[in-house]
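Text of structure_1.txt (compact mmCIF, N, CA and C atoms and all ligand atoms) as supplied:
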# COMPACT_ATOMS: atom_id res chain seq x y z
N MET A 1 103.56 127.61 113.40
CA MET A 1 103.82 127.84 111.98
C MET A 1 102.72 127.20 111.13
N TYR A 2 102.27 127.93 110.14
CA TYR A 2 101.23 127.41 109.26
C TYR A 2 101.83 126.34 108.35
N ARG A 3 101.20 125.21 108.33
CA ARG A 3 101.71 124.12 107.49
C ARG A 3 100.73 123.82 106.37
N LYS A 4 101.26 123.81 105.16
CA LYS A 4 100.42 123.58 103.99
C LYS A 4 100.26 122.10 103.68
N GLY A 5 101.11 121.30 104.25
CA GLY A 5 101.05 119.89 103.91
C GLY A 5 101.69 119.07 104.99
N GLN A 6 102.00 117.84 104.66
CA GLN A 6 102.62 117.00 105.66
C GLN A 6 103.53 115.98 105.00
N TYR A 7 104.46 115.48 105.82
CA TYR A 7 105.34 114.45 105.31
C TYR A 7 104.67 113.10 105.45
N THR A 8 104.97 112.24 104.50
CA THR A 8 104.47 110.88 104.55
C THR A 8 105.64 109.99 104.14
N GLU A 9 105.65 108.77 104.61
CA GLU A 9 106.77 107.89 104.30
C GLU A 9 106.34 106.76 103.37
N LEU A 10 107.25 106.42 102.46
CA LEU A 10 107.01 105.33 101.52
C LEU A 10 108.14 104.32 101.64
N VAL A 11 107.80 103.05 101.53
CA VAL A 11 108.79 101.98 101.63
C VAL A 11 109.03 101.38 100.25
N CYS A 12 110.29 101.32 99.84
CA CYS A 12 110.63 100.66 98.57
C CYS A 12 110.37 99.17 98.75
N LEU A 13 109.56 98.59 97.87
CA LEU A 13 109.19 97.17 98.03
C LEU A 13 110.28 96.24 97.51
N GLU A 14 111.41 96.79 97.06
CA GLU A 14 112.51 95.91 96.64
C GLU A 14 113.63 95.90 97.65
N CYS A 15 113.97 97.07 98.24
CA CYS A 15 115.09 97.09 99.18
C CYS A 15 114.67 97.45 100.60
N GLY A 16 113.45 97.94 100.79
CA GLY A 16 112.97 98.25 102.13
C GLY A 16 113.40 99.59 102.66
N ASP A 17 114.01 100.41 101.82
CA ASP A 17 114.41 101.72 102.28
C ASP A 17 113.17 102.61 102.44
N VAL A 18 113.23 103.51 103.42
CA VAL A 18 112.09 104.39 103.69
C VAL A 18 112.39 105.79 103.18
N PHE A 19 111.46 106.31 102.39
CA PHE A 19 111.61 107.66 101.83
C PHE A 19 110.52 108.57 102.35
N PRO A 20 110.89 109.68 102.97
CA PRO A 20 109.86 110.66 103.32
C PRO A 20 109.56 111.53 102.10
N ILE A 21 108.30 111.79 101.83
CA ILE A 21 107.96 112.76 100.79
C ILE A 21 106.95 113.74 101.37
N TYR A 22 106.90 114.90 100.77
CA TYR A 22 106.03 115.95 101.24
C TYR A 22 104.79 116.00 100.36
N ARG A 23 103.63 116.00 100.99
CA ARG A 23 102.39 116.11 100.22
C ARG A 23 101.62 117.33 100.69
N ARG A 24 101.06 118.03 99.72
CA ARG A 24 100.22 119.17 100.09
C ARG A 24 98.89 118.66 100.64
N ASN A 25 98.31 119.41 101.54
CA ASN A 25 97.02 119.02 102.10
C ASN A 25 96.00 118.85 100.98
N GLY A 26 95.13 117.89 101.17
CA GLY A 26 94.12 117.63 100.16
C GLY A 26 94.59 116.61 99.16
N ARG A 27 95.91 116.34 99.20
CA ARG A 27 96.43 115.34 98.28
C ARG A 27 96.92 114.12 99.03
N ALA A 28 96.67 114.11 100.33
CA ALA A 28 97.13 112.99 101.14
C ALA A 28 96.47 111.70 100.67
N LYS A 29 97.30 110.68 100.55
CA LYS A 29 96.80 109.38 100.13
C LYS A 29 96.68 108.47 101.35
N GLN A 30 95.89 107.42 101.20
CA GLN A 30 95.73 106.46 102.28
C GLN A 30 96.96 105.58 102.42
N VAL A 31 97.10 105.01 103.61
CA VAL A 31 98.13 103.98 103.79
C VAL A 31 97.82 102.87 102.80
N GLY A 32 98.86 102.36 102.15
CA GLY A 32 98.64 101.29 101.19
C GLY A 32 98.66 101.76 99.75
N HIS A 33 98.74 103.07 99.56
CA HIS A 33 98.84 103.61 98.21
C HIS A 33 100.19 103.19 97.62
N ILE A 34 100.18 102.70 96.39
CA ILE A 34 101.43 102.30 95.74
C ILE A 34 101.86 103.40 94.77
N LYS A 35 103.12 103.82 94.93
CA LYS A 35 103.63 104.88 94.07
C LYS A 35 104.95 104.41 93.46
N HIS A 36 105.13 104.66 92.20
CA HIS A 36 106.39 104.29 91.55
C HIS A 36 107.34 105.47 91.57
N LEU A 37 108.48 105.24 92.23
CA LEU A 37 109.48 106.29 92.39
C LEU A 37 110.85 105.74 92.06
N TYR A 38 111.76 106.64 91.74
CA TYR A 38 113.14 106.23 91.53
C TYR A 38 113.77 105.99 92.89
N CYS A 39 114.32 104.80 93.09
CA CYS A 39 114.96 104.46 94.36
C CYS A 39 116.47 104.60 94.21
N PRO A 40 117.10 105.42 95.05
CA PRO A 40 118.55 105.63 94.95
C PRO A 40 119.36 104.42 95.43
N ILE A 41 118.72 103.48 96.11
CA ILE A 41 119.41 102.27 96.56
C ILE A 41 119.36 101.22 95.45
N CYS A 42 118.17 101.01 94.89
CA CYS A 42 118.00 100.04 93.80
C CYS A 42 118.51 100.60 92.46
N LEU A 43 118.64 101.91 92.39
CA LEU A 43 119.07 102.60 91.17
C LEU A 43 118.11 102.37 89.99
N LYS A 44 116.83 102.29 90.32
CA LYS A 44 115.81 102.17 89.28
C LYS A 44 114.46 102.55 89.87
N GLU A 45 113.47 102.65 89.01
CA GLU A 45 112.12 102.97 89.49
C GLU A 45 111.50 101.70 90.05
N THR A 46 111.00 101.80 91.29
CA THR A 46 110.40 100.63 91.93
C THR A 46 109.06 101.02 92.54
N ALA A 47 108.28 100.01 92.91
CA ALA A 47 107.01 100.25 93.60
C ALA A 47 107.31 100.62 95.05
N HIS A 48 106.68 101.66 95.54
CA HIS A 48 106.82 102.09 96.93
C HIS A 48 105.45 102.01 97.60
N TYR A 49 105.45 101.50 98.79
CA TYR A 49 104.21 101.33 99.55
C TYR A 49 104.10 102.45 100.57
N GLU A 50 103.00 103.18 100.54
CA GLU A 50 102.86 104.32 101.45
C GLU A 50 102.44 103.85 102.84
N VAL A 51 103.27 104.19 103.84
CA VAL A 51 102.97 103.79 105.22
C VAL A 51 102.65 105.00 106.11
N LYS A 52 102.81 106.20 105.55
CA LYS A 52 102.65 107.47 106.28
C LYS A 52 103.71 107.65 107.38
N ASP A 53 103.74 106.73 108.33
CA ASP A 53 104.75 106.78 109.39
C ASP A 53 105.22 105.34 109.62
N ALA A 54 106.47 105.07 109.26
CA ALA A 54 106.98 103.69 109.29
C ALA A 54 106.89 103.07 110.68
N ASP A 55 107.17 103.85 111.72
CA ASP A 55 107.14 103.30 113.08
C ASP A 55 105.72 102.94 113.51
N VAL A 56 104.78 103.82 113.21
CA VAL A 56 103.38 103.57 113.56
C VAL A 56 102.84 102.39 112.76
N PHE A 57 103.18 102.36 111.48
CA PHE A 57 102.72 101.28 110.61
C PHE A 57 103.21 99.93 111.14
N LEU A 58 104.49 99.88 111.52
CA LEU A 58 105.06 98.63 112.00
C LEU A 58 104.45 98.24 113.34
N TRP A 59 104.25 99.23 114.20
CA TRP A 59 103.65 98.98 115.50
C TRP A 59 102.27 98.37 115.34
N LYS A 60 101.51 98.85 114.34
CA LYS A 60 100.16 98.36 114.11
C LYS A 60 100.14 96.96 113.50
N TYR A 61 101.08 96.72 112.57
CA TYR A 61 100.96 95.51 111.75
C TYR A 61 101.99 94.41 112.00
N GLU A 62 103.02 94.69 112.82
CA GLU A 62 104.08 93.69 112.96
C GLU A 62 103.53 92.36 113.48
N TYR A 63 102.61 92.44 114.46
CA TYR A 63 102.07 91.21 115.03
C TYR A 63 100.59 91.01 114.68
N ALA A 64 100.15 91.73 113.64
CA ALA A 64 98.74 91.65 113.27
C ALA A 64 98.43 90.35 112.54
N ASP A 65 97.18 90.02 112.50
CA ASP A 65 96.71 88.87 111.74
C ASP A 65 96.59 89.32 110.29
N PHE A 66 97.28 88.64 109.41
CA PHE A 66 97.37 89.10 108.03
C PHE A 66 96.33 88.53 107.08
N GLU A 67 95.34 87.84 107.60
CA GLU A 67 94.35 87.21 106.74
C GLU A 67 93.77 88.15 105.68
N ASP A 68 93.46 89.36 106.10
CA ASP A 68 92.77 90.27 105.17
C ASP A 68 93.66 91.42 104.69
N VAL A 69 94.97 91.20 104.73
CA VAL A 69 95.88 92.25 104.28
C VAL A 69 96.51 91.82 102.96
N CYS A 70 96.70 92.79 102.06
CA CYS A 70 97.22 92.46 100.74
C CYS A 70 98.71 92.10 100.77
N GLU A 71 99.17 91.48 99.71
CA GLU A 71 100.57 91.03 99.61
C GLU A 71 101.57 92.17 99.80
N GLU A 72 101.25 93.33 99.24
CA GLU A 72 102.18 94.45 99.34
C GLU A 72 102.36 94.88 100.79
N ALA A 73 101.28 94.82 101.58
CA ALA A 73 101.35 95.21 102.98
C ALA A 73 102.24 94.24 103.75
N LYS A 74 102.09 92.95 103.48
CA LYS A 74 102.93 91.94 104.14
C LYS A 74 104.40 92.17 103.81
N LEU A 75 104.64 92.44 102.54
CA LEU A 75 106.01 92.68 102.08
C LEU A 75 106.58 93.92 102.76
N ALA A 76 105.79 94.98 102.84
CA ALA A 76 106.25 96.22 103.47
C ALA A 76 106.59 95.96 104.94
N VAL A 77 105.77 95.18 105.63
CA VAL A 77 106.03 94.87 107.03
C VAL A 77 107.32 94.07 107.16
N ASP A 78 107.49 93.03 106.33
CA ASP A 78 108.71 92.22 106.38
C ASP A 78 109.95 93.07 106.18
N LEU A 79 109.88 93.99 105.21
CA LEU A 79 111.02 94.84 104.91
C LEU A 79 111.32 95.79 106.07
N LEU A 80 110.26 96.30 106.69
CA LEU A 80 110.45 97.23 107.81
C LEU A 80 111.01 96.51 109.04
N VAL A 81 110.62 95.25 109.24
CA VAL A 81 111.15 94.47 110.35
C VAL A 81 112.65 94.26 110.14
N GLU A 82 113.03 93.91 108.91
CA GLU A 82 114.45 93.73 108.58
C GLU A 82 115.23 95.02 108.80
N ARG A 83 114.63 96.12 108.37
CA ARG A 83 115.27 97.43 108.49
C ARG A 83 115.49 97.77 109.96
N LYS A 84 114.46 97.47 110.78
CA LYS A 84 114.55 97.76 112.21
C LYS A 84 115.70 96.97 112.85
N LYS A 85 115.82 95.70 112.46
CA LYS A 85 116.91 94.86 112.98
C LYS A 85 118.27 95.45 112.63
N LYS A 86 118.40 95.94 111.40
CA LYS A 86 119.66 96.54 110.96
C LYS A 86 119.97 97.80 111.76
N LEU A 87 118.94 98.61 112.03
CA LEU A 87 119.14 99.85 112.77
C LEU A 87 119.56 99.54 114.20
N VAL A 88 118.99 98.51 114.77
CA VAL A 88 119.35 98.11 116.13
C VAL A 88 120.81 97.67 116.18
N ARG A 89 121.21 96.87 115.16
CA ARG A 89 122.58 96.39 115.10
C ARG A 89 123.57 97.55 115.00
N LYS A 90 123.22 98.56 114.22
CA LYS A 90 124.11 99.71 114.03
C LYS A 90 124.40 100.42 115.32
N ARG A 91 123.44 100.42 116.24
CA ARG A 91 123.61 101.14 117.51
C ARG A 91 124.58 100.44 118.45
N ASP A 92 124.82 99.14 118.24
CA ASP A 92 125.70 98.39 119.15
C ASP A 92 127.15 98.89 119.06
ZN ZN B 101 114.87 100.32 96.66

Hey, can you dump this file as structure tokens for me?
Amino acid sequence: MYRKGQYTELVCLECGDVFPIYRRNGRAKQVGHIKHLYCPICLKETAHYEVKDADVFLWKYEYADFEDVCEEAKLAVDLLVERKKKLVRKRD
């Protein structure tokens, strides 16, 4: 099937929820792009950190050396680690 775009994931920097959004090709942003979106969990507009794929992002950065990574990236990783713990607990 011909695909005009791709899904990318954004993490709410206040509650850690992950939102997939669809972007048309040519408009893809880099990992680390900050976008302000309405968060249905926080019930307000919050900063969202673009990770493209939350699992890949976490795999890359969970145990990475953070010396040269910005504050938002650290926050996004912390939130995703917490989210992962919650998902694991739910499966029990
Ligand atoms: Zn939120």

Each residue of chain A with at least one atom at most 8 Å from ligand ZN 101 (chain B) should appear once, together with its nearest atom pair and the corresponding distance in Å (one decimal); atoms considered: all atoms listed in the file; ordering: chain, then increasing residue number; output as a tab-separated table.
residue	atom	partner	partner_atom	distance
A:Val11	C	B:ZN101	ZN	6.9
A:Cys12	CA	B:ZN101	ZN	4.7
A:Leu13	N	B:ZN101	ZN	5.7
A:Glu14	C	B:ZN101	ZN	4.7
A:Cys15	N	B:ZN101	ZN	3.7
A:Gly16	N	B:ZN101	ZN	5.0
A:Asp17	N	B:ZN101	ZN	5.2
A:Val18	N	B:ZN101	ZN	7.7
A:Tyr38	C	B:ZN101	ZN	6.9
A:Cys39	CA	B:ZN101	ZN	4.7
A:Pro40	N	B:ZN101	ZN	5.8
A:Ile41	C	B:ZN101	ZN	4.7
A:Cys42	N	B:ZN101	ZN	3.8
A:Leu43	N	B:ZN101	ZN	5.9
A:Lys44	N	B:ZN101	ZN	6.9
A:Glu45	C	B:ZN101	ZN	7.5
A:Thr46	CA	B:ZN101	ZN	6.5
A:Ala47	N	B:ZN101	ZN	7.6

Residues as selected, N, CA and C atoms, written as an mmCIF file, in the frame of the given file, can you do that?
data_model
loop_
_atom_site.group_PDB
_atom_site.id
_atom_site.type_symbol
_atom_site.label_atom_id
_atom_site.label_comp_id
_atom_site.auth_asym_id
_atom_site.auth_seq_id
_atom_site.Cartn_x
_atom_site.Cartn_y
_atom_site.Cartn_z
ATOM 1 N N VAL A 11 107.800 103.050 101.530
ATOM 2 C CA VAL A 11 108.790 101.980 101.630
ATOM 3 C C VAL A 11 109.030 101.380 100.250
ATOM 4 N N CYS A 12 110.290 101.320 99.840
ATOM 5 C CA CYS A 12 110.630 100.660 98.570
ATOM 6 C C CYS A 12 110.370 99.170 98.750
ATOM 7 N N LEU A 13 109.560 98.590 97.870
ATOM 8 C CA LEU A 13 109.190 97.170 98.030
ATOM 9 C C LEU A 13 110.280 96.240 97.510
ATOM 10 N N GLU A 14 111.410 96.790 97.060
ATOM 11 C CA GLU A 14 112.510 95.910 96.640
ATOM 12 C C GLU A 14 113.630 95.900 97.650
ATOM 13 N N CYS A 15 113.970 97.070 98.240
ATOM 14 C CA CYS A 15 115.090 97.090 99.180
ATOM 15 C C CYS A 15 114.670 97.450 100.600
ATOM 16 N N GLY A 16 113.450 97.940 100.790
ATOM 17 C CA GLY A 16 112.970 98.250 102.130
ATOM 18 C C GLY A 16 113.400 99.590 102.660
ATOM 19 N N ASP A 17 114.010 100.410 101.820
ATOM 20 C CA ASP A 17 114.410 101.720 102.280
ATOM 21 C C ASP A 17 113.170 102.610 102.440
ATOM 22 N N VAL A 18 113.230 103.510 103.420
ATOM 23 C CA VAL A 18 112.090 104.390 103.690
ATOM 24 C C VAL A 18 112.390 105.790 103.180
ATOM 25 N N TYR A 38 111.760 106.640 91.740
ATOM 26 C CA TYR A 38 113.140 106.230 91.530
ATOM 27 C C TYR A 38 113.770 105.990 92.890
ATOM 28 N N CYS A 39 114.320 104.800 93.090
ATOM 29 C CA CYS A 39 114.960 104.460 94.360
ATOM 30 C C CYS A 39 116.470 104.600 94.210
ATOM 31 N N PRO A 40 117.100 105.420 95.050
ATOM 32 C CA PRO A 40 118.550 105.630 94.950
ATOM 33 C C PRO A 40 119.360 104.420 95.430
ATOM 34 N N ILE A 41 118.720 103.480 96.110
ATOM 35 C CA ILE A 41 119.410 102.270 96.560
ATOM 36 C C ILE A 41 119.360 101.220 95.450
ATOM 37 N N CYS A 42 118.170 101.010 94.890
ATOM 38 C CA CYS A 42 118.000 100.040 93.800
ATOM 39 C C CYS A 42 118.510 100.600 92.460
ATOM 40 N N LEU A 43 118.640 101.910 92.390
ATOM 41 C CA LEU A 43 119.070 102.600 91.170
ATOM 42 C C LEU A 43 118.110 102.370 89.990
ATOM 43 N N LYS A 44 116.830 102.290 90.320
ATOM 44 C CA LYS A 44 115.810 102.170 89.280
ATOM 45 C C LYS A 44 114.460 102.550 89.870
ATOM 46 N N GLU A 45 113.470 102.650 89.010
ATOM 47 C CA GLU A 45 112.120 102.970 89.490
ATOM 48 C C GLU A 45 111.500 101.700 90.050
ATOM 49 N N THR A 46 111.000 101.800 91.290
ATOM 50 C CA THR A 46 110.400 100.630 91.930
ATOM 51 C C THR A 46 109.060 101.020 92.540
ATOM 52 N N ALA A 47 108.280 100.010 92.910
ATOM 53 C CA ALA A 47 107.010 100.250 93.600
ATOM 54 C C ALA A 47 107.310 100.620 95.050
#

- Message: Calculated over only C-alpha atoms, which of the candidates A:Val77, A:Ile21, A:Ile34, A:Thr8 has the smallest distance to Phe57 (chain A)?
- Response: A:Val77

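Atom pair CA of Ala54 (chain A) / atom C of Leu80 (chain A): separated by 8.2 Å.
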
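For the pair CA of Ala76 (chain A) and CA of Phe19 (chain A), the interatomic distance is 12.7 Å.
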
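With only N, CA and C atoms taken into account, the protein and nucleic acid residues at most 7 Å from Glu50 (chain A) (excluding it and anything under 5 positions from it in its own chain) are A:Thr8, A:Glu9, A:Leu10, A:Val11, A:Gln30, A:Val31, A:Gly32, A:His33, A:Ile34, A:Lys35.
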
- Point-to-point distance from CA of Glu62 (chain A) to CA of Val81 (chain A), Å rounded to tenths: 7.6 Å

- Place a sphere of radius 6 Å on (106.3, 118.9, 102.9) in the file coordinates and name every protein, DNA or RNA residue with an atom inside or on its surface, counting only N, CA and C atoms; give the answer as an MDAnalysis selection string. chainID A and resid 5:7 21:23

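Comparing the minimum interatomic distances between Asp55 (chain A) and each of A:Arg83, A:Lys29, A:Lys74, A:Leu37, counting only C-alpha atoms, we find that A:Arg83 sits nearest.
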
- Residues of chain A in helix (DSSP H, G or I) according to DSSP, as a ChimeraX atom specification? /A:54-61,71-91

- Message: If you run DSSP on the backbone here, which positions in region 47-89 of chain A get strand (DSSP E or B)? Please write them as JSON, numbers by chain.
- Response: {"A": [47, 48, 49, 50, 51, 52]}

Go ahead and write the residues just picked, N, CA and C atoms, as a compact mmCIF listing (two decimals), in the frame of the given file.
# COMPACT_ATOMS: atom_id res chain seq x y z
N ALA A 47 108.28 100.01 92.91
CA ALA A 47 107.01 100.25 93.60
C ALA A 47 107.31 100.62 95.05
N HIS A 48 106.68 101.66 95.54
CA HIS A 48 106.82 102.09 96.93
C HIS A 48 105.45 102.01 97.60
N TYR A 49 105.45 101.50 98.79
CA TYR A 49 104.21 101.33 99.55
C TYR A 49 104.10 102.45 100.57
N GLU A 50 103.00 103.18 100.54
CA GLU A 50 102.86 104.32 101.45
C GLU A 50 102.44 103.85 102.84
N VAL A 51 103.27 104.19 103.84
CA VAL A 51 102.97 103.79 105.22
C VAL A 51 102.65 105.00 106.11
N LYS A 52 102.81 106.20 105.55
CA LYS A 52 102.65 107.47 106.28
C LYS A 52 103.71 107.65 107.38
